[in-house]
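Text of the file coords.cif, holding mmCIF, C-alpha atoms:
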```cif
data_coords
loop_
_atom_site.label_atom_id
_atom_site.label_comp_id
_atom_site.auth_asym_id
_atom_site.auth_seq_id
_atom_site.Cartn_x
_atom_site.Cartn_y
_atom_site.Cartn_z
CA MET A 1128 13.90 29.65 -64.57
CA LYS A 1129 17.41 28.20 -64.63
CA PHE A 1130 17.75 24.78 -63.03
CA PHE A 1131 20.79 25.69 -60.92
CA SER A 1132 19.02 28.73 -59.46
CA LEU A 1133 17.03 26.33 -57.29
CA PHE A 1134 20.17 25.59 -55.29
CA LYS A 1135 21.23 29.15 -54.64
CA LYS A 1136 21.81 30.18 -51.02
CA PRO A 1137 18.79 32.17 -49.77
CA LYS A 1138 19.34 35.89 -49.38
CA LYS A 1139 19.27 37.42 -45.91
CA GLU A 1140 15.94 39.15 -46.56
CA ASP A 1141 14.45 35.87 -47.81
CA MET A 1142 15.47 34.11 -44.58
CA PHE A 1143 13.81 36.91 -42.62
CA ASP A 1144 10.49 36.21 -44.34
CA ILE A 1145 10.58 32.42 -44.34
CA PHE A 1146 11.40 32.16 -40.62
CA PRO A 1147 8.58 30.10 -38.99
CA ASP A 1148 7.91 32.64 -36.22
CA GLY A 1149 7.01 36.29 -36.40
CA ILE A 1150 10.06 38.55 -36.17
CA LEU A 1151 10.05 42.21 -35.17
CA ILE A 1152 13.05 44.52 -35.09
CA VAL A 1153 12.41 47.17 -32.44
CA SER A 1154 14.39 50.27 -31.49
CA MET A 1155 15.35 51.00 -27.89
CA ASP A 1156 12.55 53.58 -27.63
CA GLY A 1157 10.01 50.89 -28.51
CA LYS A 1158 9.33 51.66 -32.20
CA ILE A 1159 8.98 48.82 -34.69
CA LEU A 1160 11.65 49.14 -37.38
CA ASP A 1161 10.88 46.03 -39.42
CA ALA A 1162 8.62 42.98 -39.47
CA ASN A 1163 8.62 39.73 -41.42
CA LEU A 1164 5.63 38.16 -43.22
CA LYS A 1165 4.74 35.88 -40.30
CA ALA A 1166 4.54 38.87 -37.94
CA GLN A 1167 2.20 40.63 -40.37
CA VAL A 1168 -0.07 37.57 -40.36
CA ILE A 1169 -0.06 37.36 -36.54
CA PHE A 1170 -0.88 41.05 -36.09
CA GLU A 1171 -3.30 40.95 -39.06
CA THR A 1172 -1.85 44.04 -40.67
CA SER A 1173 0.75 45.13 -43.22
CA LYS A 1174 4.39 46.03 -42.89
CA VAL A 1175 3.51 49.63 -43.69
CA GLU A 1176 1.20 49.77 -40.66
CA LEU A 1177 3.68 48.00 -38.38
CA ILE A 1178 6.80 50.03 -39.17
CA GLY A 1179 6.89 53.20 -37.08
CA ALA A 1180 4.23 51.95 -34.66
CA PHE A 1181 5.11 51.36 -31.03
CA PHE A 1182 5.62 47.81 -29.77
CA SER A 1183 3.19 48.54 -26.91
CA HIS A 1184 0.43 49.16 -29.48
CA TYR A 1185 0.44 45.47 -30.47
CA ILE A 1186 1.72 43.56 -27.43
CA GLN A 1187 0.21 43.67 -23.95
CA GLY A 1188 2.95 44.70 -21.53
CA GLY A 1189 4.71 46.94 -24.04
CA SER A 1190 8.15 48.33 -23.27
CA VAL A 1191 8.15 47.06 -19.68
CA LEU A 1192 7.70 43.50 -20.95
CA LEU A 1193 10.31 44.03 -23.69
CA ASN A 1194 12.93 45.23 -21.19
CA LYS A 1195 12.17 42.25 -18.96
CA LEU A 1196 12.59 39.81 -21.83
CA VAL A 1197 15.92 41.31 -22.89
CA GLY A 1198 17.23 41.43 -19.32
CA GLN A 1199 16.18 37.92 -18.26
CA GLU A 1200 16.64 36.14 -21.59
CA THR A 1201 13.36 34.32 -21.18
CA SER A 1202 10.02 34.07 -22.97
CA VAL A 1203 6.50 34.84 -21.78
CA MET A 1204 2.98 34.39 -23.05
CA THR A 1205 0.94 37.54 -23.52
CA LYS A 1206 -2.01 38.98 -25.41
CA VAL A 1207 -2.06 40.61 -28.86
CA LEU A 1208 -3.68 44.06 -28.91
CA ASN A 1209 -5.57 46.01 -31.58
CA ILE A 1210 -6.32 43.26 -34.09
CA PRO A 1211 -9.51 42.94 -36.18
CA ALA A 1212 -10.28 39.36 -35.01
CA GLU A 1213 -13.20 39.05 -32.58
CA GLU A 1214 -11.49 36.36 -30.49
CA ASP A 1215 -8.43 37.05 -28.33
CA LYS A 1216 -5.06 36.02 -29.69
CA PHE A 1217 -2.12 34.97 -27.50
CA VAL A 1218 1.54 34.85 -28.40
CA GLU A 1219 4.79 33.61 -26.87
CA VAL A 1220 7.33 36.43 -27.00
CA ALA A 1221 11.12 36.30 -26.64
CA ALA A 1222 13.64 39.08 -27.25
CA SER A 1223 17.36 39.62 -27.54
CA LYS A 1224 19.38 42.78 -27.93
CA GLY A 1225 21.43 43.02 -31.12
CA GLU A 1226 23.88 45.48 -32.59
CA GLU A 1227 23.16 49.17 -33.11
CA ASP A 1228 20.80 49.21 -30.08
CA LYS A 1229 18.20 47.11 -31.87
CA VAL A 1230 16.05 44.47 -30.18
CA TYR A 1231 15.09 41.35 -32.10
CA VAL A 1232 11.71 40.02 -31.00
CA SER A 1233 10.36 36.55 -31.75
CA VAL A 1234 6.56 36.21 -31.71
CA LYS A 1235 4.84 32.80 -31.87
CA ASP A 1236 1.07 32.33 -32.10
CA VAL A 1237 0.03 30.03 -29.21
CA THR A 1238 -3.69 30.83 -29.15
CA GLN A 1239 -4.85 27.23 -29.63
CA ASN A 1240 -2.44 25.93 -26.99
CA TYR A 1241 -3.62 28.65 -24.62
CA LYS A 1242 -7.26 27.69 -25.11
CA VAL A 1243 -6.54 24.01 -24.52
CA GLN A 1244 -4.44 24.80 -21.46
CA SER A 1245 -7.13 27.11 -20.09
CA MET A 1246 -9.71 24.37 -20.53
CA VAL A 1247 -7.46 21.81 -18.83
CA ASN A 1248 -6.72 24.23 -15.99
CA GLY A 1249 -10.42 24.87 -15.54
CA GLU A 1250 -11.20 21.16 -15.39
CA TYR A 1251 -8.31 20.65 -12.98
CA GLU A 1252 -9.55 23.38 -10.66
CA ILE A 1253 -13.04 21.86 -10.63
CA ALA A 1254 -11.64 18.40 -9.89
CA LYS A 1255 -9.30 19.74 -7.21
CA LYS A 1256 -12.14 21.57 -5.51
CA ILE A 1257 -14.18 18.36 -5.37
CA ILE A 1258 -11.18 16.42 -3.99
CA ASP A 1259 -10.42 19.12 -1.42
CA GLU A 1260 -14.04 19.18 -0.24
CA LYS A 1261 -14.07 15.37 0.02
CA ASN A 1262 -10.79 15.31 1.94
CA SER A 1263 -11.90 18.08 4.28
CA TYR A 1264 -15.11 16.16 5.01
CA LEU A 1265 -13.22 12.92 5.66
CA LYS A 1266 -10.84 14.70 8.00
CA SER A 1267 -13.76 16.15 9.94
CA ILE A 1268 -15.33 12.70 10.52
CA SER A 1269 -12.06 10.79 11.00
CA PHE A 1270 -12.25 11.02 14.80
CA GLU A 1271 -15.60 9.24 14.87
CA LEU A 1272 -14.40 6.53 12.46
CA PHE A 1273 -11.24 5.84 14.43
CA SER A 1274 -13.19 5.90 17.69
CA VAL A 1275 -15.45 3.09 16.48
CA LEU A 1276 -12.51 1.13 15.08
CA ASN A 1277 -10.57 1.54 18.31
CA SER A 1278 -13.47 -0.01 20.18
CA VAL A 1279 -13.24 -3.12 17.99
CA VAL A 1280 -9.43 -3.29 18.38
CA ASN A 1281 -9.52 -2.85 22.16
CA PHE A 1282 -12.48 -5.19 22.72
CA SER A 1283 -10.93 -8.01 20.67
CA LYS A 1284 -7.66 -7.48 22.52
CA ALA A 1285 -9.48 -7.64 25.85
CA LEU A 1286 -11.18 -10.88 24.83
CA GLU A 1287 -7.80 -12.35 23.94
CA GLY A 1288 -6.59 -11.29 27.37
CA GLY A 1289 -9.38 -13.22 29.07
CA VAL A 1290 -11.68 -10.40 30.16
CA GLY A 1291 -14.72 -12.49 29.21
CA GLY A 1292 -13.35 -15.73 30.52
CA LYS A 1293 -11.30 -18.43 28.90
CA LEU A 1294 -11.95 -18.87 25.17
CA ASN A 1295 -12.10 -22.22 23.47
CA ASP A 1296 -9.91 -22.85 20.42
CA LYS A 1297 -12.57 -21.81 17.90
CA GLN A 1298 -13.47 -18.62 19.79
CA ASN A 1299 -9.81 -17.74 20.22
CA LYS A 1300 -9.20 -18.24 16.49
CA TYR A 1301 -12.00 -15.83 15.49
CA VAL A 1302 -11.05 -13.22 18.08
CA THR A 1303 -7.45 -13.35 16.86
CA ILE A 1304 -8.60 -12.82 13.27
CA ILE A 1305 -10.85 -9.92 14.31
CA ASN A 1306 -8.02 -8.31 16.27
CA ARG A 1307 -5.52 -8.71 13.41
CA ASN A 1308 -7.90 -7.41 10.74
CA SER A 1309 -9.04 -4.45 12.83
CA ASN A 1310 -5.41 -3.50 13.51
CA GLU A 1311 -4.61 -3.78 9.79
CA LEU A 1312 -7.60 -1.60 8.93
CA TYR A 1313 -6.61 0.97 11.54
CA TYR A 1314 -3.07 1.11 10.14
CA ASP A 1315 -4.22 1.55 6.52
CA LEU A 1316 -6.95 4.08 7.34
CA LYS A 1317 -4.46 6.12 9.32
CA ARG A 1318 -2.15 6.34 6.27
CA LEU A 1319 -5.11 7.05 3.99
CA PHE A 1320 -6.39 9.95 6.07
CA GLN A 1321 -2.88 11.35 6.54
CA TYR A 1322 -2.38 11.39 2.78
CA PHE A 1323 -5.76 13.07 2.19
CA GLU A 1324 -4.74 15.75 4.69
CA LEU A 1325 -1.48 16.45 2.85
CA GLU A 1326 -3.06 16.18 -0.59
CA SER A 1327 -5.50 19.00 0.11
CA GLU A 1328 -2.98 21.08 2.09
CA LEU A 1329 -4.99 20.67 5.29
CA TYR A 1330 -1.78 20.01 7.24
CA SER A 1331 -0.09 23.20 8.43
CA TYR A 1332 3.69 22.93 8.39
CA GLU A 1333 5.32 24.69 11.34
CA TYR A 1334 9.00 25.43 10.86
CA LYS A 1335 11.22 25.80 13.90
CA ARG A 1336 14.85 25.16 14.78
CA PHE A 1337 15.62 21.89 16.56
CA ASP A 1338 18.42 19.37 17.06
CA LEU A 1339 17.90 16.70 14.41
CA GLY A 1340 20.38 14.36 16.11
CA ASP A 1341 18.49 14.47 19.41
CA LEU A 1342 15.17 13.87 17.64
CA MET A 1343 16.48 10.85 15.74
CA THR A 1344 18.09 9.42 18.90
CA SER A 1345 14.75 9.63 20.68
CA VAL A 1346 12.93 7.94 17.77
CA ALA A 1347 15.54 5.18 17.48
CA ARG A 1348 15.45 4.37 21.20
CA SER A 1349 11.66 4.12 21.17
CA TYR A 1350 11.82 1.55 18.36
CA GLU A 1351 14.69 -0.44 19.88
CA ILE A 1352 12.22 -1.94 22.35
CA LEU A 1353 9.67 -2.83 19.65
CA PHE A 1354 12.26 -4.49 17.39
CA ALA A 1355 13.71 -6.37 20.37
CA LYS A 1356 10.28 -7.82 21.19
CA LYS A 1357 10.10 -9.20 17.66
CA LYS A 1358 13.71 -10.44 17.93
CA ILE A 1359 14.85 -8.36 14.95
CA ASN A 1360 18.34 -6.86 15.02
CA PHE A 1361 18.05 -3.06 14.92
CA SER A 1362 20.98 -0.63 14.70
CA TYR A 1363 21.30 3.09 14.15
CA ASP A 1364 24.19 5.46 13.41
CA LEU A 1365 24.15 9.25 13.79
CA SER A 1366 27.93 9.75 13.63
CA THR A 1367 28.11 11.51 10.24
CA PHE A 1368 26.52 14.74 11.45
CA LEU A 1369 28.69 17.83 10.87
CA THR A 1370 25.84 20.05 11.99
CA ARG A 1371 22.67 18.95 13.77
CA SER A 1372 20.75 22.22 13.90
CA CYS A 1373 17.77 21.94 11.55
CA ASN A 1374 15.07 24.46 10.63
CA SER A 1375 12.10 22.37 9.50
CA ASP A 1376 8.86 20.86 10.78
CA SER A 1377 10.07 18.47 13.48
CA ASN A 1378 6.65 16.80 13.76
CA ALA A 1379 6.61 16.02 10.03
CA VAL A 1380 10.19 14.68 10.13
CA GLU A 1381 9.40 12.50 13.14
CA THR A 1382 6.18 11.28 11.49
CA PHE A 1383 7.79 10.12 8.23
CA VAL A 1384 10.77 8.46 9.95
CA LYS A 1385 8.45 6.58 12.33
CA ALA A 1386 6.24 5.60 9.38
CA LEU A 1387 9.18 3.88 7.65
CA LEU A 1388 10.37 2.19 10.84
CA GLU A 1389 6.83 1.03 11.55
CA LEU A 1390 6.61 -0.35 8.01
CA SER A 1391 9.82 -2.30 8.57
CA LEU A 1392 8.60 -3.53 11.94
CA LYS A 1393 5.28 -4.60 10.45
CA TYR A 1394 6.60 -6.59 7.48
CA THR A 1395 9.94 -7.93 8.69
CA ASP A 1396 9.99 -11.30 10.45
CA ILE A 1397 13.59 -12.33 9.75
CA GLY A 1398 16.57 -10.09 9.08
CA SER A 1399 17.81 -6.73 10.30
CA ILE A 1400 16.81 -3.07 10.25
CA SER A 1401 19.21 -0.14 10.26
CA MET A 1402 18.77 3.62 10.38
CA ASN A 1403 21.58 6.03 9.55
CA VAL A 1404 21.04 9.79 9.71
CA GLY A 1405 23.60 12.54 9.17
CA ASN A 1406 24.98 14.95 6.60
CA PRO A 1407 25.39 13.30 3.17
CA PRO A 1408 28.75 12.39 1.58
CA LEU A 1409 29.89 14.55 -1.32
CA GLU A 1410 29.87 11.51 -3.61
CA PHE A 1411 26.15 11.05 -3.10
CA LEU A 1412 25.36 14.73 -3.70
CA GLU A 1413 27.48 14.71 -6.85
CA SER A 1414 25.66 11.61 -8.14
CA LYS A 1415 22.38 13.50 -7.75
CA GLY A 1416 23.59 16.50 -9.76
CA PHE A 1417 24.63 18.87 -6.95
CA ASN A 1418 27.59 21.24 -7.33
CA VAL A 1419 30.06 19.90 -4.75
CA GLU A 1420 32.91 22.37 -5.28
CA ASP A 1421 32.13 23.84 -1.85
CA GLU A 1422 32.36 21.03 0.71
CA ASN A 1423 30.11 22.99 3.05
CA ILE A 1424 27.17 21.89 0.90
CA LYS A 1425 27.16 18.73 3.05
CA LYS A 1426 26.03 20.83 6.02
CA GLN A 1427 23.04 22.11 4.06
CA TYR A 1428 21.32 18.72 3.87
CA ALA A 1429 20.37 15.81 6.09
CA MET A 1430 20.45 12.29 4.70
CA PHE A 1431 18.23 9.52 6.06
CA GLU A 1432 18.91 5.88 5.19
CA ILE A 1433 16.57 3.21 6.52
CA LYS A 1434 17.41 -0.30 5.37
CA ASP A 1435 15.24 -3.38 5.79
CA THR A 1436 16.63 -6.78 4.79
CA GLY A 1437 13.33 -8.62 5.23
CA PHE A 1438 11.02 -6.78 2.83
CA VAL A 1439 11.27 -6.68 -0.98
CA ILE A 1440 9.28 -4.58 -3.47
CA PRO A 1441 8.78 -6.06 -6.97
CA ASP A 1442 10.15 -4.01 -9.89
CA ASP A 1443 6.72 -3.29 -11.42
CA VAL A 1444 5.52 -1.78 -8.13
CA LEU A 1445 8.83 -0.02 -7.45
CA GLU A 1446 8.46 1.94 -10.70
CA ARG A 1447 5.25 3.55 -9.38
CA ILE A 1448 6.03 3.40 -5.66
CA PHE A 1449 5.35 7.11 -5.05
CA ASP A 1450 1.99 7.08 -6.84
CA PHE A 1451 -0.44 6.72 -3.93
CA TYR A 1452 -3.36 5.62 -6.12
CA TYR A 1453 -1.51 3.18 -8.38
CA LEU A 1454 -2.69 -0.44 -8.28
CA ASN A 1455 -2.14 -3.47 -10.46
CA GLU A 1456 -3.67 -6.93 -10.50
CA ASN A 1457 -0.57 -8.56 -8.99
CA MET A 1458 -0.31 -6.36 -5.90
CA THR A 1459 -0.95 -8.12 -2.60
CA LYS A 1460 -2.63 -6.45 0.37
CA LYS A 1461 0.80 -6.25 1.99
CA LEU A 1462 2.25 -4.36 -0.99
CA ILE A 1463 -0.73 -2.02 -1.22
CA SER A 1464 -0.40 -1.15 2.45
CA ALA A 1465 3.38 -0.67 2.15
CA LYS A 1466 3.02 1.53 -0.94
CA MET A 1467 0.53 3.76 0.86
CA THR A 1468 3.10 4.37 3.60
CA ILE A 1469 5.97 5.04 1.17
CA ALA A 1470 3.85 7.42 -0.94
CA LEU A 1471 2.80 9.25 2.23
CA VAL A 1472 6.44 9.64 3.32
CA TYR A 1473 7.34 10.90 -0.16
CA LYS A 1474 4.60 13.55 0.05
CA PHE A 1475 5.93 14.76 3.41
CA VAL A 1476 9.48 14.89 2.04
CA LYS A 1477 8.53 16.78 -1.14
CA ASP A 1478 6.47 19.27 0.86
CA LEU A 1479 9.58 19.92 2.94
CA LYS A 1480 11.53 20.55 -0.33
CA GLY A 1481 13.47 17.30 -0.07
CA ASP A 1482 13.71 14.22 -2.26
CA MET A 1483 13.43 10.46 -1.80
CA TRP A 1484 14.66 7.30 -3.52
CA VAL A 1485 13.72 3.67 -2.91
CA TYR A 1486 15.96 0.75 -3.91
CA SER A 1487 14.88 -2.87 -3.54
CA ASN A 1488 16.09 -6.31 -4.62
CA SER A 1489 15.66 -9.88 -3.39
CA ASN A 1490 19.28 -10.23 -2.21
CA GLN A 1491 19.59 -7.09 -0.11
CA GLY A 1492 16.04 -6.05 0.83
CA THR A 1493 14.85 -2.44 0.61
CA LEU A 1494 16.65 0.85 1.19
CA TYR A 1495 14.78 4.12 1.73
CA CYS A 1496 16.99 7.14 1.09
CA ILE A 1497 15.83 10.69 1.88
CA LEU A 1498 17.61 14.02 1.35
CA LEU A 1499 16.21 16.94 3.28
CA PRO A 1500 17.33 20.61 3.51
CA MET A 1501 18.65 21.53 6.95
CA ASP A 1502 17.12 24.97 6.58
CA LYS A 1503 13.80 26.12 5.17
CA ALA A 1504 14.09 26.39 1.39
#
```

File written out as structure tokens:
Amino acid sequence: MKFFSLFKKPKKEDMFDIFPDGILIVSMDGKILDANLKAQVIFETSKVELIGAFFSHYIQGGSVLLNKLVGQETSVMTKVLNIPAEEDKFVEVAASKGEEDKVYVSVKDVTQNYKVQSMVNGEYEIAKKIIDEKNSYLKSISFELFSVLNSVVNFSKALEGGVGGKLNDKQNKYVTIINRNSNELYYDLKRLFQYFELESELYSYEYKRFDLGDLMTSVARSYEILFAKKKINFSYDLSTFLTRSCNSDSNAVETFVKALLELSLKYTDIGSISMNVGNPPLEFLESKGFNVEDENIKKQYAMFEIKDTGFVIPDDVLERIFDFYYLNENMTKKLISAKMTIALVYKFVKDLKGDMWVYSNSNQGTLYCILLPMDKA
């Protein structure tokens, strides 16, 4: 062998055989015209057997699948037919139409990946079934649990109000602690059970058309009183609406907005709270990757901004803020409770085909930003 022959450019037929995937050249009527070495290995036969045979003889889906692949320029996983091996073999197939009405088909053996994925899917389905059964059970007994807890909350509140007579300092201290802890437990359990309900798709979304501006005005006015009692400055702005008609689940929208306002009310002692709802600016949509050539895209989405200057989320928690079950050793009870609420809101928003972002720093507080389709996606 001559030394310089090692550096010769490979011939076209050599490239055909050394290609890492199986390659078939198929005519428009579905006959195999040529096959490389890798394809012969995948189909466990020779080129002589492959050439002249129909594509449908070796690939499940046949010509229908081939036409789909050429038309959609995509790939699919399917089963190999008529091979000597006892176990099933699966391949990923892609196709493209070439010159002279020939179709070039790429075939990649993905049997091992398929088996692993099937095993993972099976384990996932088993785990999901267990979780769904657990969540369904918890939902069914939630009324009894909350009934008992309500008794504790109301009784401790009644004692504070003097229903059993005047309390001394020590008694008043313990009753106050009981009332505070029972209220905290009620709040957290409520979020927990709501999330379980969404997680196992036990909540039925009911889409209907409503005026989003009117709904948000009603919510804002109901919280004005609560913020005023705590002497926290609360403002809201609904002036950026170009269209207020929304086709979504109004109960779900009201629930997640109230959850964020309640979170701000709960953990803000000094500062201000603001809520702005309307159609988003084009600059924001563009920053999130939307095509803003048509300005009417603004009317297709509602943007919610709830800002709280009195509550800050540390960076390590913020990174996993939407993970309902995430905990770390530095998280306080306050942060755990807040994260449960934020993760619940995120689940509502994603179910409604929207998206959510949370920004937080020590100088400005926390901003919750939600983008929601105005019509059912």

Starting from the shown file, work through the PyMOL selection byres ((chain A and resi 1236) around 7) and note down what comes out as a PyMOL selection string.
chain A and resi 1169+1217-1219+1234-1235+1237-1238

### Task
Convert the output of the PyMOL selection byres ((chain A and resi 1215) around 12) on the shown file into explicit residues, formatted as JSON, numbers by chain.
{"A": [1169, 1170, 1187, 1205, 1206, 1207, 1208, 1209, 1210, 1211, 1212, 1213, 1214, 1216, 1217, 1218, 1236, 1237, 1238, 1239, 1241, 1242]}

Hey, can you pull every residue with an atom no more than 8 Å from (-5.3, 10.5, 11.0), using only C-alpha atoms, and send it as a CSV table (one decimal) with C-alpha atoms, keeping the file's coordinate frame?
```csv
chain,number,residue,atom,x,y,z
A,1266,LYS,CA,-10.8,14.7,8.0
A,1269,SER,CA,-12.1,10.8,11.0
A,1270,PHE,CA,-12.2,11.0,14.8
A,1316,LEU,CA,-7.0,4.1,7.3
A,1317,LYS,CA,-4.5,6.1,9.3
A,1318,ARG,CA,-2.2,6.3,6.3
A,1319,LEU,CA,-5.1,7.0,4.0
A,1320,PHE,CA,-6.4,10.0,6.1
A,1321,GLN,CA,-2.9,11.4,6.5
```

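Evaluating the PyMOL selection byres ((chain A and resi 1357) around 12) against the shown model yields Tyr1350, Glu1351, Ile1352, Leu1353, Phe1354, Ala1355, Lys1356, Lys1358, Ile1359, Asn1360, Phe1361, Ser1391, Leu1392, Lys1393, Tyr1394, Thr1395, Asp1396, Ile1397, Gly1398, Ser1399 and Ile1400 of chain A.
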
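Of the residues listed (A:Val1472, A:Leu1462, A:Leu1390, A:Leu1499), A:Leu1499 shows the shortest atom-to-atom separation from Pro1407 in chain A; distances use only C-alpha atoms.
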
Review point. Residues at most 10 Å from Lys1385 in chain A, counting only C-alpha atoms, excluding those fewer than 3 positions away in the same chain, as a PyMOL selection string?
Key: chain A and resi 1343+1346-1347+1349-1350+1379-1382+1388-1391+1472

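Counting from CA of Ser1309 in chain A, the distance to CA of Ile1440 in chain A is 24.5 Å.
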
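Among the candidate residues A:Lys1165, A:Arg1307, A:Arg1371, A:Lys1466, the one lying nearest to Phe1337 in chain A is A:Arg1371, with distances computed using all atoms listed in the file.
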
Pairwise distance, CA of Glu1326 in chain A with CA of Val1444 in chain A, equals 21.3 Å

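A straight line drawn from CA of Asp1228 in chain A to CA of Met1155 in chain A is 6.1 Å long.
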
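Distances from A:Ser1366, A:Asp1148, A:Phe1323, A:Ile1497 to Phe1383 in chain A were compared using only C-alpha atoms, and the smallest one belongs to A:Ile1497.
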
Using only C-alpha atoms, collect all residues at a distance of at most 10 Å from (11.4, 37.3, -24.4) as written in the file, then present them as a ChimeraX atom specification. /A:1192-1204,1219-1223,1231-1234

The residue from A:Val1279, A:Ser1331, A:Val1384, A:Met1501 with the smallest atom-to-atom distance to Leu1471 in chain A, counting all atoms listed in the file, is A:Val1384

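Each of A:Glu1432, A:Asp1296, A:Glu1456, A:Asp1156 was checked against Ser1190 in chain A using only C-alpha atoms; the smallest atom-to-atom distance is that of A:Asp1156.
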
Of A:Leu1342, A:Met1402, A:Leu1369, A:Leu1445, the one nearest to Ile1424 in chain A when counting only C-alpha atoms is A:Leu1369

Practice problem: List the neighbours of Lys1300 in chain A out to 12 Å using only C-alpha atoms; skip same-chain residues closer than 5 positions along the sequence, and give me the result as number ranges by chain. | Solution: A: 1283, 1286-1287, 1294-1295, 1305-1307

Now that the selection is made, can you save its residues with C-alpha atoms as a PDB file, in the coordinates of the input?
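See out_28.pdb below for the written result:
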```
ATOM      1  CA  SER A1283     -10.930  -8.010  20.670  1.00  0.00           C
ATOM      2  CA  LEU A1286     -11.180 -10.880  24.830  1.00  0.00           C
ATOM      3  CA  GLU A1287      -7.800 -12.350  23.940  1.00  0.00           C
ATOM      4  CA  LEU A1294     -11.950 -18.870  25.170  1.00  0.00           C
ATOM      5  CA  ASN A1295     -12.100 -22.220  23.470  1.00  0.00           C
ATOM      6  CA  ILE A1305     -10.850  -9.920  14.310  1.00  0.00           C
ATOM      7  CA  ASN A1306      -8.020  -8.310  16.270  1.00  0.00           C
ATOM      8  CA  ARG A1307      -5.520  -8.710  13.410  1.00  0.00           C
TER       9      ARG A1307
END
```

N, CA and C atoms are what I want for range 1476-1491 of chain A; can you complete it accordingly and write them as a CSV table (one decimal), keeping the file's coordinate frame?
```csv
chain,number,residue,atom,x,y,z
A,1476,VAL,N,8.1,14.5,2.4
A,1476,VAL,CA,9.5,14.9,2.0
A,1476,VAL,C,9.5,16.0,1.0
A,1477,LYS,N,8.6,15.8,-0.1
A,1477,LYS,CA,8.5,16.8,-1.1
A,1477,LYS,C,8.0,18.1,-0.6
A,1478,ASP,N,7.0,18.0,0.3
A,1478,ASP,CA,6.5,19.3,0.9
A,1478,ASP,C,7.5,20.0,1.6
A,1479,LEU,N,8.5,19.3,2.2
A,1479,LEU,CA,9.6,19.9,2.9
A,1479,LEU,C,10.8,20.2,2.0
A,1480,LYS,N,10.5,20.2,0.7
A,1480,LYS,CA,11.5,20.6,-0.3
A,1480,LYS,C,12.7,19.6,-0.4
A,1481,GLY,N,12.4,18.3,0.0
A,1481,GLY,CA,13.5,17.3,-0.1
A,1481,GLY,C,13.2,16.3,-1.2
A,1482,ASP,N,13.9,15.2,-1.2
A,1482,ASP,CA,13.7,14.2,-2.3
A,1482,ASP,C,13.9,12.8,-1.6
A,1483,MET,N,13.4,11.8,-2.3
A,1483,MET,CA,13.4,10.5,-1.8
A,1483,MET,C,13.7,9.5,-2.9
A,1484,TRP,N,14.4,8.4,-2.6
A,1484,TRP,CA,14.7,7.3,-3.5
A,1484,TRP,C,14.4,6.0,-2.8
A,1485,VAL,N,13.9,5.0,-3.5
A,1485,VAL,CA,13.7,3.7,-2.9
A,1485,VAL,C,14.4,2.6,-3.8
A,1486,TYR,N,15.3,1.8,-3.2
A,1486,TYR,CA,16.0,0.8,-3.9
A,1486,TYR,C,15.6,-0.6,-3.3
A,1487,SER,N,15.3,-1.6,-4.1
A,1487,SER,CA,14.9,-2.9,-3.5
A,1487,SER,C,15.3,-4.0,-4.5
A,1488,ASN,N,15.8,-5.1,-3.9
A,1488,ASN,CA,16.1,-6.3,-4.6
A,1488,ASN,C,16.1,-7.5,-3.7
A,1489,SER,N,15.9,-8.7,-4.2
A,1489,SER,CA,15.7,-9.9,-3.4
A,1489,SER,C,16.9,-10.3,-2.6
A,1490,ASN,N,18.1,-9.8,-2.9
A,1490,ASN,CA,19.3,-10.2,-2.2
A,1490,ASN,C,19.6,-9.3,-1.0
A,1491,GLN,N,19.2,-8.1,-1.1
A,1491,GLN,CA,19.6,-7.1,-0.1
A,1491,GLN,C,18.4,-6.5,0.6
```
